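Printed here is data-v2.pdb (PDB, C-alpha atoms):
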```
ATOM      1  CA  MET A  35       0.000   0.000   0.000  1.00  0.00           C
ATOM      2  CA  HIS A  36       1.321   3.422  -0.998  1.00  0.00           C
ATOM      3  CA  ARG A  37       1.205   6.195   1.644  1.00  0.00           C
ATOM      4  CA  PHE A  38       1.220   9.893   0.948  1.00  0.00           C
ATOM      5  CA  PRO A  39       3.669  11.908   3.019  1.00  0.00           C
ATOM      6  CA  GLN A  40       1.883  13.901   5.719  1.00  0.00           C
ATOM      7  CA  GLY A  41       3.038  17.213   4.199  1.00  0.00           C
ATOM      8  CA  ARG A  42       1.538  16.289   0.836  1.00  0.00           C
ATOM      9  CA  VAL A  43      -1.847  15.417   2.440  1.00  0.00           C
ATOM     10  CA  PHE A  44      -1.835  18.776   4.239  1.00  0.00           C
ATOM     11  CA  ALA A  45      -1.033  20.575   0.961  1.00  0.00           C
ATOM     12  CA  LEU A  46      -3.851  18.784  -0.886  1.00  0.00           C
ATOM     13  CA  VAL A  47      -6.372  19.650   1.848  1.00  0.00           C
ATOM     14  CA  ALA A  48      -5.211  23.284   1.834  1.00  0.00           C
ATOM     15  CA  LEU A  49      -5.512  23.371  -1.970  1.00  0.00           C
ATOM     16  CA  ALA A  50      -9.032  21.927  -1.847  1.00  0.00           C
ATOM     17  CA  ILE A  51     -10.095  24.561   0.706  1.00  0.00           C
ATOM     18  CA  ALA A  52      -8.518  27.350  -1.361  1.00  0.00           C
ATOM     19  CA  ILE A  53     -10.287  26.191  -4.532  1.00  0.00           C
ATOM     20  CA  PHE A  54     -13.595  25.986  -2.654  1.00  0.00           C
ATOM     21  CA  LEU A  55     -13.203  29.517  -1.289  1.00  0.00           C
ATOM     22  CA  CYS A  56     -11.869  31.089  -4.500  1.00  0.00           C
ATOM     23  CA  ASN A  57     -14.652  29.754  -6.696  1.00  0.00           C
ATOM     24  CA  GLY A  58     -17.226  31.936  -4.995  1.00  0.00           C
ATOM     25  CA  MET A  59     -18.751  29.090  -3.065  1.00  0.00           C
ATOM     26  CA  THR A  60     -20.844  30.252  -0.158  1.00  0.00           C
ATOM     27  CA  ALA A  61     -21.913  28.600   3.011  1.00  0.00           C
ATOM     28  CA  PRO A  62     -25.142  26.621   2.801  1.00  0.00           C
ATOM     29  CA  ALA A  63     -28.178  28.873   2.801  1.00  0.00           C
ATOM     30  CA  ARG A  64     -29.975  29.328   6.095  1.00  0.00           C
ATOM     31  CA  ALA A  65     -33.705  29.249   5.405  1.00  0.00           C
ATOM     32  CA  GLY A  66     -36.581  30.468   7.473  1.00  0.00           C
ATOM     33  CA  ALA A  67     -40.261  29.671   7.329  1.00  0.00           C
ATOM     34  CA  TRP A  68     -42.671  31.633   5.137  1.00  0.00           C
ATOM     35  CA  SER A  69     -44.481  34.236   7.253  1.00  0.00           C
ATOM     36  CA  THR A  70     -47.539  36.317   6.353  1.00  0.00           C
ATOM     37  CA  THR A  71     -46.718  38.793   9.114  1.00  0.00           C
ATOM     38  CA  ASP A  72     -43.745  41.121   9.019  1.00  0.00           C
ATOM     39  CA  LEU A  73     -40.857  39.306  10.698  1.00  0.00           C
ATOM     40  CA  ARG A  74     -39.693  42.493  12.447  1.00  0.00           C
ATOM     41  CA  THR A  75     -42.924  44.301  13.367  1.00  0.00           C
ATOM     42  CA  GLY A  76     -45.471  41.478  13.467  1.00  0.00           C
ATOM     43  CA  ALA A  77     -47.817  43.526  11.257  1.00  0.00           C
ATOM     44  CA  PRO A  78     -49.969  41.535   8.820  1.00  0.00           C
ATOM     45  CA  LEU A  79     -48.848  41.685   5.207  1.00  0.00           C
ATOM     46  CA  PRO A  80     -51.252  42.185   2.259  1.00  0.00           C
ATOM     47  CA  SER A  81     -53.314  39.279   1.008  1.00  0.00           C
ATOM     48  CA  GLY A  82     -56.421  38.746  -1.041  1.00  0.00           C
ATOM     49  CA  THR A  83     -58.358  36.479  -3.335  1.00  0.00           C
ATOM     50  CA  VAL A  84     -58.908  36.675  -7.093  1.00  0.00           C
ATOM     51  CA  THR A  85     -60.450  34.369  -9.675  1.00  0.00           C
ATOM     52  CA  VAL A  86     -58.227  33.160 -12.517  1.00  0.00           C
ATOM     53  CA  ASN A  87     -59.460  30.597 -15.078  1.00  0.00           C
ATOM     54  CA  HIS A  88     -62.480  29.898 -12.830  1.00  0.00           C
ATOM     55  CA  VAL A  89     -60.053  29.031 -10.007  1.00  0.00           C
ATOM     56  CA  THR A  90     -60.084  30.872  -6.687  1.00  0.00           C
ATOM     57  CA  VAL A  91     -56.521  32.041  -6.096  1.00  0.00           C
ATOM     58  CA  THR A  92     -55.343  33.371  -2.754  1.00  0.00           C
ATOM     59  CA  TRP A  93     -52.339  35.681  -2.985  1.00  0.00           C
ATOM     60  CA  GLN A  94     -50.283  36.798  -0.035  1.00  0.00           C
ATOM     61  CA  VAL A  95     -47.249  38.935   0.458  1.00  0.00           C
ATOM     62  CA  GLY A  96     -44.913  37.188   2.852  1.00  0.00           C
ATOM     63  CA  ASN A  97     -41.358  37.289   4.083  1.00  0.00           C
ATOM     64  CA  TYR A  98     -38.724  34.805   5.176  1.00  0.00           C
ATOM     65  CA  TRP A  99     -35.183  34.830   6.510  1.00  0.00           C
ATOM     66  CA  SER A 100     -32.325  34.314   4.086  1.00  0.00           C
ATOM     67  CA  ASP A 101     -28.834  34.405   5.581  1.00  0.00           C
ATOM     68  CA  GLY A 102     -30.100  36.659   8.379  1.00  0.00           C
ATOM     69  CA  LEU A 103     -31.860  39.040   5.969  1.00  0.00           C
ATOM     70  CA  ARG A 104     -35.624  39.584   5.784  1.00  0.00           C
ATOM     71  CA  ILE A 105     -36.665  38.933   2.169  1.00  0.00           C
ATOM     72  CA  TYR A 106     -40.149  39.658   0.800  1.00  0.00           C
ATOM     73  CA  GLY A 107     -42.038  37.606  -1.732  1.00  0.00           C
ATOM     74  CA  LEU A 108     -45.445  36.739  -3.095  1.00  0.00           C
ATOM     75  CA  LEU A 109     -47.224  33.388  -2.759  1.00  0.00           C
ATOM     76  CA  CYS A 110     -50.248  32.398  -4.874  1.00  0.00           C
ATOM     77  CA  THR A 111     -52.333  29.310  -4.020  1.00  0.00           C
ATOM     78  CA  PRO A 112     -55.116  27.703  -6.143  1.00  0.00           C
ATOM     79  CA  MET A 113     -57.544  27.311  -3.235  1.00  0.00           C
ATOM     80  CA  SER A 114     -60.505  25.906  -5.181  1.00  0.00           C
ATOM     81  CA  LEU A 115     -58.463  23.033  -6.622  1.00  0.00           C
ATOM     82  CA  PRO A 116     -57.563  19.901  -4.660  1.00  0.00           C
ATOM     83  CA  GLY A 117     -54.104  19.992  -3.123  1.00  0.00           C
ATOM     84  CA  PRO A 118     -51.347  19.531  -2.326  1.00  0.00           C
ATOM     85  CA  TYR A 119     -50.039  21.507  -5.289  1.00  0.00           C
ATOM     86  CA  PRO A 120     -46.863  21.251  -7.342  1.00  0.00           C
ATOM     87  CA  VAL A 121     -44.513  24.151  -6.587  1.00  0.00           C
ATOM     88  CA  ALA A 122     -43.305  26.747  -9.107  1.00  0.00           C
ATOM     89  CA  ILE A 123     -40.756  29.420  -8.264  1.00  0.00           C
ATOM     90  CA  LEU A 124     -40.751  32.424 -10.584  1.00  0.00           C
ATOM     91  CA  ASN A 125     -37.599  34.480 -10.935  1.00  0.00           C
ATOM     92  CA  HIS A 126     -38.267  38.033 -11.927  1.00  0.00           C
ATOM     93  CA  GLY A 127     -36.693  40.470 -14.312  1.00  0.00           C
ATOM     94  CA  LEU A 128     -35.284  43.519 -12.590  1.00  0.00           C
ATOM     95  CA  THR A 129     -37.130  46.747 -13.300  1.00  0.00           C
ATOM     96  CA  VAL A 130     -35.326  50.054 -12.937  1.00  0.00           C
ATOM     97  CA  VAL A 131     -37.492  53.015 -11.945  1.00  0.00           C
ATOM     98  CA  PRO A 132     -36.020  56.530 -11.950  1.00  0.00           C
ATOM     99  CA  VAL A 133     -36.664  58.302  -8.636  1.00  0.00           C
ATOM    100  CA  GLY A 134     -35.248  61.801  -8.896  1.00  0.00           C
ATOM    101  CA  PRO A 135     -31.518  61.591  -9.644  1.00  0.00           C
ATOM    102  CA  LEU A 136     -31.388  57.965  -8.369  1.00  0.00           C
ATOM    103  CA  TYR A 137     -32.983  54.685  -9.381  1.00  0.00           C
ATOM    104  CA  ALA A 138     -35.190  52.276  -7.455  1.00  0.00           C
ATOM    105  CA  PHE A 139     -35.277  48.559  -8.184  1.00  0.00           C
ATOM    106  CA  PRO A 140     -38.813  47.233  -7.654  1.00  0.00           C
ATOM    107  CA  ALA A 141     -38.773  43.503  -8.127  1.00  0.00           C
ATOM    108  CA  ILE A 142     -42.406  42.461  -7.896  1.00  0.00           C
ATOM    109  CA  GLU A 143     -44.900  44.797  -9.499  1.00  0.00           C
ATOM    110  CA  ALA A 144     -47.961  44.176 -11.644  1.00  0.00           C
ATOM    111  CA  TYR A 145     -46.361  41.636 -14.023  1.00  0.00           C
ATOM    112  CA  GLY A 146     -45.024  39.536 -11.151  1.00  0.00           C
ATOM    113  CA  TRP A 147     -48.418  39.541  -9.489  1.00  0.00           C
ATOM    114  CA  ILE A 148     -50.130  38.579 -12.774  1.00  0.00           C
ATOM    115  CA  GLY A 149     -47.615  35.777 -13.441  1.00  0.00           C
ATOM    116  CA  CYS A 150     -47.994  34.412  -9.923  1.00  0.00           C
ATOM    117  CA  THR A 151     -51.808  34.435  -9.972  1.00  0.00           C
ATOM    118  CA  ASN A 152     -51.982  32.998 -13.516  1.00  0.00           C
ATOM    119  CA  MET A 153     -49.694  30.085 -12.592  1.00  0.00           C
ATOM    120  CA  ALA A 154     -51.817  29.431  -9.512  1.00  0.00           C
ATOM    121  CA  GLY A 155     -54.906  29.549 -11.726  1.00  0.00           C
ATOM    122  CA  ALA A 156     -53.317  26.679 -13.668  1.00  0.00           C
ATOM    123  CA  GLY A 157     -52.950  24.615 -10.470  1.00  0.00           C
ATOM    124  CA  TRP A 158     -49.486  25.540  -9.196  1.00  0.00           C
ATOM    125  CA  LEU A 159     -48.509  26.764  -5.742  1.00  0.00           C
ATOM    126  CA  THR A 160     -46.467  29.656  -7.072  1.00  0.00           C
ATOM    127  CA  ALA A 161     -43.981  31.935  -5.354  1.00  0.00           C
ATOM    128  CA  ILE A 162     -41.876  34.837  -6.537  1.00  0.00           C
ATOM    129  CA  THR A 163     -39.250  36.556  -4.436  1.00  0.00           C
ATOM    130  CA  THR A 164     -37.578  39.878  -4.291  1.00  0.00           C
ATOM    131  CA  TYR A 165     -33.867  39.573  -3.857  1.00  0.00           C
ATOM    132  CA  ARG A 166     -31.863  41.274  -1.150  1.00  0.00           C
ATOM    133  CA  GLY A 167     -32.007  45.049  -1.507  1.00  0.00           C
ATOM    134  CA  GLU A 168     -35.012  44.986  -3.843  1.00  0.00           C
ATOM    135  CA  ILE A 169     -38.506  46.408  -3.513  1.00  0.00           C
ATOM    136  CA  ILE A 170     -41.845  44.627  -3.581  1.00  0.00           C
ATOM    137  CA  GLY A 171     -44.348  47.099  -4.958  1.00  0.00           C
ATOM    138  CA  ALA A 172     -43.536  50.638  -5.961  1.00  0.00           C
ATOM    139  CA  SER A 173     -44.309  54.129  -4.807  1.00  0.00           C
ATOM    140  CA  THR A 174     -46.464  54.643  -7.899  1.00  0.00           C
ATOM    141  CA  GLY A 175     -48.610  51.582  -7.187  1.00  0.00           C
ATOM    142  CA  SER A 176     -47.589  47.975  -6.778  1.00  0.00           C
ATOM    143  CA  GLY A 177     -49.965  46.320  -9.191  1.00  0.00           C
ATOM    144  CA  PHE A 178     -51.694  44.582  -6.296  1.00  0.00           C
ATOM    145  CA  PRO A 179     -55.482  44.963  -6.218  1.00  0.00           C
ATOM    146  CA  ALA A 180     -57.247  47.241  -3.718  1.00  0.00           C
ATOM    147  CA  PRO A 181     -57.012  47.769  -0.800  1.00  0.00           C
ATOM    148  CA  TYR A 182     -53.251  47.213  -1.092  1.00  0.00           C
ATOM    149  CA  ALA A 183     -52.651  49.088  -4.338  1.00  0.00           C
ATOM    150  CA  ASN A 184     -49.934  51.226  -2.744  1.00  0.00           C
ATOM    151  CA  PHE A 185     -48.089  48.558  -0.755  1.00  0.00           C
ATOM    152  CA  TRP A 186     -44.317  48.985  -0.733  1.00  0.00           C
ATOM    153  CA  ALA A 187     -41.530  47.198   1.180  1.00  0.00           C
ATOM    154  CA  LEU A 188     -37.766  46.805   0.858  1.00  0.00           C
ATOM    155  CA  SER A 189     -35.960  43.506   1.430  1.00  0.00           C
ATOM    156  CA  ASP A 190     -32.903  43.727   3.680  1.00  0.00           C
ATOM    157  CA  GLY A 191     -29.389  43.871   2.285  1.00  0.00           C
ATOM    158  CA  THR A 192     -27.939  45.381  -0.848  1.00  0.00           C
ATOM    159  CA  LEU A 193     -28.190  44.324  -4.464  1.00  0.00           C
ATOM    160  CA  GLU A 194     -25.886  41.383  -5.196  1.00  0.00           C
ATOM    161  CA  LEU A 195     -26.097  40.157  -8.746  1.00  0.00           C
ATOM    162  CA  CYS A 196     -25.614  36.367  -8.863  1.00  0.00           C
ATOM    163  CA  LEU A 197     -24.327  36.096  -5.284  1.00  0.00           C
ATOM    164  CA  GLY A 198     -26.727  36.157  -2.344  1.00  0.00           C
ATOM    165  CA  GLU A 199     -29.652  36.126  -4.766  1.00  0.00           C
ATOM    166  CA  VAL A 200     -29.056  32.415  -5.289  1.00  0.00           C
ATOM    167  CA  ASP A 201     -29.407  31.819  -1.549  1.00  0.00           C
ATOM    168  CA  ASP A 202     -32.582  33.928  -1.517  1.00  0.00           C
ATOM    169  CA  VAL A 203     -34.201  31.723  -4.172  1.00  0.00           C
ATOM    170  CA  LEU A 204     -33.049  28.485  -2.503  1.00  0.00           C
ATOM    171  CA  ASN A 205     -34.353  29.712   0.850  1.00  0.00           C
ATOM    172  CA  LEU A 206     -37.684  30.644  -0.758  1.00  0.00           C
ATOM    173  CA  LEU A 207     -37.886  27.146  -2.238  1.00  0.00           C
ATOM    174  CA  SER A 208     -37.232  25.614   1.203  1.00  0.00           C
ATOM    175  CA  ALA A 209     -39.816  27.868   2.869  1.00  0.00           C
ATOM    176  CA  VAL A 210     -42.516  27.187   0.264  1.00  0.00           C
ATOM    177  CA  THR A 211     -42.000  23.425  -0.032  1.00  0.00           C
ATOM    178  CA  ALA A 212     -42.343  23.198   3.767  1.00  0.00           C
ATOM    179  CA  LEU A 213     -45.904  24.562   3.567  1.00  0.00           C
ATOM    180  CA  PRO A 214     -48.734  22.028   4.025  1.00  0.00           C
ATOM    181  CA  ALA A 215     -50.240  23.030   0.646  1.00  0.00           C
ATOM    182  CA  ALA A 216     -47.032  22.128  -1.211  1.00  0.00           C
ATOM    183  CA  ASN A 217     -46.406  18.851  -2.971  1.00  0.00           C
ATOM    184  CA  ALA A 218     -42.641  19.049  -2.462  1.00  0.00           C
ATOM    185  CA  SER A 219     -41.968  16.078  -4.749  1.00  0.00           C
ATOM    186  CA  HIS A 220     -43.286  17.924  -7.823  1.00  0.00           C
TER     187      HIS A 220
END
```
Let me see whether you can do it: turn the structure in this file into C-alpha coordinates.
Amino acid sequence: MHRFPQGRVFALVALAIAIFLCNGMTAPARAGAWSTTDLRTGAPLPSGTVTVNHVTVTWQVGNYWSDGLRIYGLLCTPMSLPGPYPVAILNHGLTVVPVGPLYAFPAIEAYGWIGCTNMAGAGWLTAITTYRGEIIGASTGSGFPAPYANFWALSDGTLELCLGEVDDVLNLLSAVTALPAANASH
(Lines of atoms letter the chains of each structure in order from A and count residues from 1; the text may use other names and numbers.)
(Lines give C-alpha, C1' and ligand atoms only; values in the text may rest on other atoms or scores of the structure.)
Protein backbone atom coordinates (compact mmCIF):
# COMPACT_ATOMS: atom_id res chain seq x y z
CA MET A 1 0.00 0.00 0.00
CA HIS A 2 1.32 3.42 -1.00
CA ARG A 3 1.20 6.19 1.64
CA PHE A 4 1.22 9.89 0.95
CA PRO A 5 3.67 11.91 3.02
CA GLN A 6 1.88 13.90 5.72
CA GLY A 7 3.04 17.21 4.20
CA ARG A 8 1.54 16.29 0.84
CA VAL A 9 -1.85 15.42 2.44
CA PHE A 10 -1.83 18.78 4.24
CA ALA A 11 -1.03 20.58 0.96
CA LEU A 12 -3.85 18.78 -0.89
CA VAL A 13 -6.37 19.65 1.85
CA ALA A 14 -5.21 23.28 1.83
CA LEU A 15 -5.51 23.37 -1.97
CA ALA A 16 -9.03 21.93 -1.85
CA ILE A 17 -10.09 24.56 0.71
CA ALA A 18 -8.52 27.35 -1.36
CA ILE A 19 -10.29 26.19 -4.53
CA PHE A 20 -13.59 25.99 -2.65
CA LEU A 21 -13.20 29.52 -1.29
CA CYS A 22 -11.87 31.09 -4.50
CA ASN A 23 -14.65 29.75 -6.70
CA GLY A 24 -17.23 31.94 -5.00
CA MET A 25 -18.75 29.09 -3.07
CA THR A 26 -20.84 30.25 -0.16
CA ALA A 27 -21.91 28.60 3.01
CA PRO A 28 -25.14 26.62 2.80
CA ALA A 29 -28.18 28.87 2.80
CA ARG A 30 -29.97 29.33 6.10
CA ALA A 31 -33.71 29.25 5.41
CA GLY A 32 -36.58 30.47 7.47
CA ALA A 33 -40.26 29.67 7.33
CA TRP A 34 -42.67 31.63 5.14
CA SER A 35 -44.48 34.24 7.25
CA THR A 36 -47.54 36.32 6.35
CA THR A 37 -46.72 38.79 9.11
CA ASP A 38 -43.74 41.12 9.02
CA LEU A 39 -40.86 39.31 10.70
CA ARG A 40 -39.69 42.49 12.45
CA THR A 41 -42.92 44.30 13.37
CA GLY A 42 -45.47 41.48 13.47
CA ALA A 43 -47.82 43.53 11.26
CA PRO A 44 -49.97 41.53 8.82
CA LEU A 45 -48.85 41.68 5.21
CA PRO A 46 -51.25 42.18 2.26
CA SER A 47 -53.31 39.28 1.01
CA GLY A 48 -56.42 38.75 -1.04
CA THR A 49 -58.36 36.48 -3.34
CA VAL A 50 -58.91 36.67 -7.09
CA THR A 51 -60.45 34.37 -9.68
CA VAL A 52 -58.23 33.16 -12.52
CA ASN A 53 -59.46 30.60 -15.08
CA HIS A 54 -62.48 29.90 -12.83
CA VAL A 55 -60.05 29.03 -10.01
CA THR A 56 -60.08 30.87 -6.69
CA VAL A 57 -56.52 32.04 -6.10
CA THR A 58 -55.34 33.37 -2.75
CA TRP A 59 -52.34 35.68 -2.99
CA GLN A 60 -50.28 36.80 -0.04
CA VAL A 61 -47.25 38.94 0.46
CA GLY A 62 -44.91 37.19 2.85
CA ASN A 63 -41.36 37.29 4.08
CA TYR A 64 -38.72 34.80 5.18
CA TRP A 65 -35.18 34.83 6.51
CA SER A 66 -32.33 34.31 4.09
CA ASP A 67 -28.83 34.41 5.58
CA GLY A 68 -30.10 36.66 8.38
CA LEU A 69 -31.86 39.04 5.97
CA ARG A 70 -35.62 39.58 5.78
CA ILE A 71 -36.67 38.93 2.17
CA TYR A 72 -40.15 39.66 0.80
CA GLY A 73 -42.04 37.61 -1.73
CA LEU A 74 -45.45 36.74 -3.09
CA LEU A 75 -47.22 33.39 -2.76
CA CYS A 76 -50.25 32.40 -4.87
CA THR A 77 -52.33 29.31 -4.02
CA PRO A 78 -55.12 27.70 -6.14
CA MET A 79 -57.54 27.31 -3.24
CA SER A 80 -60.51 25.91 -5.18
CA LEU A 81 -58.46 23.03 -6.62
CA PRO A 82 -57.56 19.90 -4.66
CA GLY A 83 -54.10 19.99 -3.12
CA PRO A 84 -51.35 19.53 -2.33
CA TYR A 85 -50.04 21.51 -5.29
CA PRO A 86 -46.86 21.25 -7.34
CA VAL A 87 -44.51 24.15 -6.59
CA ALA A 88 -43.31 26.75 -9.11
CA ILE A 89 -40.76 29.42 -8.26
CA LEU A 90 -40.75 32.42 -10.58
CA ASN A 91 -37.60 34.48 -10.94
CA HIS A 92 -38.27 38.03 -11.93
CA GLY A 93 -36.69 40.47 -14.31
CA LEU A 94 -35.28 43.52 -12.59
CA THR A 95 -37.13 46.75 -13.30
CA VAL A 96 -35.33 50.05 -12.94
CA VAL A 97 -37.49 53.02 -11.94
CA PRO A 98 -36.02 56.53 -11.95
CA VAL A 99 -36.66 58.30 -8.64
CA GLY A 100 -35.25 61.80 -8.90
CA PRO A 101 -31.52 61.59 -9.64
CA LEU A 102 -31.39 57.97 -8.37
CA TYR A 103 -32.98 54.69 -9.38
CA ALA A 104 -35.19 52.28 -7.46
CA PHE A 105 -35.28 48.56 -8.18
CA PRO A 106 -38.81 47.23 -7.65
CA ALA A 107 -38.77 43.50 -8.13
CA ILE A 108 -42.41 42.46 -7.90
CA GLU A 109 -44.90 44.80 -9.50
CA ALA A 110 -47.96 44.18 -11.64
CA TYR A 111 -46.36 41.64 -14.02
CA GLY A 112 -45.02 39.54 -11.15
CA TRP A 113 -48.42 39.54 -9.49
CA ILE A 114 -50.13 38.58 -12.77
CA GLY A 115 -47.61 35.78 -13.44
CA CYS A 116 -47.99 34.41 -9.92
CA THR A 117 -51.81 34.44 -9.97
CA ASN A 118 -51.98 33.00 -13.52
CA MET A 119 -49.69 30.08 -12.59
CA ALA A 120 -51.82 29.43 -9.51
CA GLY A 121 -54.91 29.55 -11.73
CA ALA A 122 -53.32 26.68 -13.67
CA GLY A 123 -52.95 24.61 -10.47
CA TRP A 124 -49.49 25.54 -9.20
CA LEU A 125 -48.51 26.76 -5.74
CA THR A 126 -46.47 29.66 -7.07
CA ALA A 127 -43.98 31.93 -5.35
CA ILE A 128 -41.88 34.84 -6.54
CA THR A 129 -39.25 36.56 -4.44
CA THR A 130 -37.58 39.88 -4.29
CA TYR A 131 -33.87 39.57 -3.86
CA ARG A 132 -31.86 41.27 -1.15
CA GLY A 133 -32.01 45.05 -1.51
CA GLU A 134 -35.01 44.99 -3.84
CA ILE A 135 -38.51 46.41 -3.51
CA ILE A 136 -41.84 44.63 -3.58
CA GLY A 137 -44.35 47.10 -4.96
CA ALA A 138 -43.54 50.64 -5.96
CA SER A 139 -44.31 54.13 -4.81
CA THR A 140 -46.46 54.64 -7.90
CA GLY A 141 -48.61 51.58 -7.19
CA SER A 142 -47.59 47.98 -6.78
CA GLY A 143 -49.97 46.32 -9.19
CA PHE A 144 -51.69 44.58 -6.30
CA PRO A 145 -55.48 44.96 -6.22
CA ALA A 146 -57.25 47.24 -3.72
CA PRO A 147 -57.01 47.77 -0.80
CA TYR A 148 -53.25 47.21 -1.09
CA ALA A 149 -52.65 49.09 -4.34
CA ASN A 150 -49.93 51.23 -2.74
CA PHE A 151 -48.09 48.56 -0.75
CA TRP A 152 -44.32 48.99 -0.73
CA ALA A 153 -41.53 47.20 1.18
CA LEU A 154 -37.77 46.80 0.86
CA SER A 155 -35.96 43.51 1.43
CA ASP A 156 -32.90 43.73 3.68
CA GLY A 157 -29.39 43.87 2.29
CA THR A 158 -27.94 45.38 -0.85
CA LEU A 159 -28.19 44.32 -4.46
CA GLU A 160 -25.89 41.38 -5.20
CA LEU A 161 -26.10 40.16 -8.75
CA CYS A 162 -25.61 36.37 -8.86
CA LEU A 163 -24.33 36.10 -5.28
CA GLY A 164 -26.73 36.16 -2.34
CA GLU A 165 -29.65 36.13 -4.77
CA VAL A 166 -29.06 32.41 -5.29
CA ASP A 167 -29.41 31.82 -1.55
CA ASP A 168 -32.58 33.93 -1.52
CA VAL A 169 -34.20 31.72 -4.17
CA LEU A 170 -33.05 28.49 -2.50
CA ASN A 171 -34.35 29.71 0.85
CA LEU A 172 -37.68 30.64 -0.76
CA LEU A 173 -37.89 27.15 -2.24
CA SER A 174 -37.23 25.61 1.20
CA ALA A 175 -39.82 27.87 2.87
CA VAL A 176 -42.52 27.19 0.26
CA THR A 177 -42.00 23.42 -0.03
CA ALA A 178 -42.34 23.20 3.77
CA LEU A 179 -45.90 24.56 3.57
CA PRO A 180 -48.73 22.03 4.03
CA ALA A 181 -50.24 23.03 0.65
CA ALA A 182 -47.03 22.13 -1.21
CA ASN A 183 -46.41 18.85 -2.97
CA ALA A 184 -42.64 19.05 -2.46
CA SER A 185 -41.97 16.08 -4.75
CA HIS A 186 -43.29 17.92 -7.82
- Task: Select, from A:Thr192, A:Pro120, A:Val86, A:Leu197, the residue with the minimum atom-to-atom distance to Asn152 (chain A), counting all atoms listed in the file.
- Result: A:Val86
- Pick from A:Leu124, A:Val203, A:Val89, A:Val95 nearest to Asp72 (chain A), counting only C-alpha atoms: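 Smallest separation from Asp72 (chain A) among the options: A:Val95.
The smallest atom-to-atom distance between Ser208 (chain A) and any of A:Leu159, A:Ile148, A:Met113, A:Ala67, using all atoms listed in the file, is found for A:Ala67.
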- Point (-30.8, 43.6, -5.9) neighbourhood (6 Å, all atoms listed in the file) written as an MDAnalysis selection string: chainID A and resid 165:168 193:194
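Distances here use all atoms listed in the file; by that measure, the residue among A:Ile169, A:Ile105, A:Val121, A:Val84 closest to Leu213 (chain A) is A:Val121.
If only C-alpha atoms are the atoms counted, then among A:Ala215, A:Leu195, A:Cys110, A:Val200 the closest residue to Thr90 (chain A) is A:Cys110.
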- Query: When the PyMOL selection byres ((chain A and resi 153) around 12) is applied to the file above, which residues end up in the set, as a PyMOL selection string?
  - Reply: chain A and resi 85-87+89-93+109-112+119-124+146-152+154-162
- Can you give me, as a ChimeraX atom specification, the residues this file yields under the PyMOL selection byres ((chain A and resi 96) around 9)? /A:68-72,78-81,94-95,97-98,105-109
- Query: Closest to Asp202 (chain A) among A:His220, A:His88, A:Arg104, A:Arg74, using all atoms listed in the file?
  - Reply: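 Checking each of A:His220, A:His88, A:Arg104, A:Arg74 against Asp202 (chain A), counting all atoms listed in the file, the winner is A:Arg104.
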Please return the centre and edge lengths, in Å to one decimal, of a box with edges along x, y and z that contains all listed atoms of region 152-166 of chain A, widened by 6 Å on every side, as AutoDock Vina command-line options.
```
--center_x -43.4 --center_y 32.9 --center_z -7.4 --size_x 35.0 --size_y 28.7 --size_z 24.5
```
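CA of Trp99 (chain A) to CA of Phe185 (chain A) spans 20.2 Å [interatomic distance, one decimal].
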- Query: On this structure, which residues satisfy the PyMOL selection byres ((chain A and resi 187) around 6), written as a ChimeraX atom specification?
  - Reply: /A:169-170,186,188
- Query: Just how far from CA of Gly191 (chain A) is CA of Asp101 (chain A), in Å to one decimal?
  - Reply: 10.0 Å
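Interatomic distance, CA of Pro116 (chain A) against CA of Pro214 (chain A): 12.6 Å.
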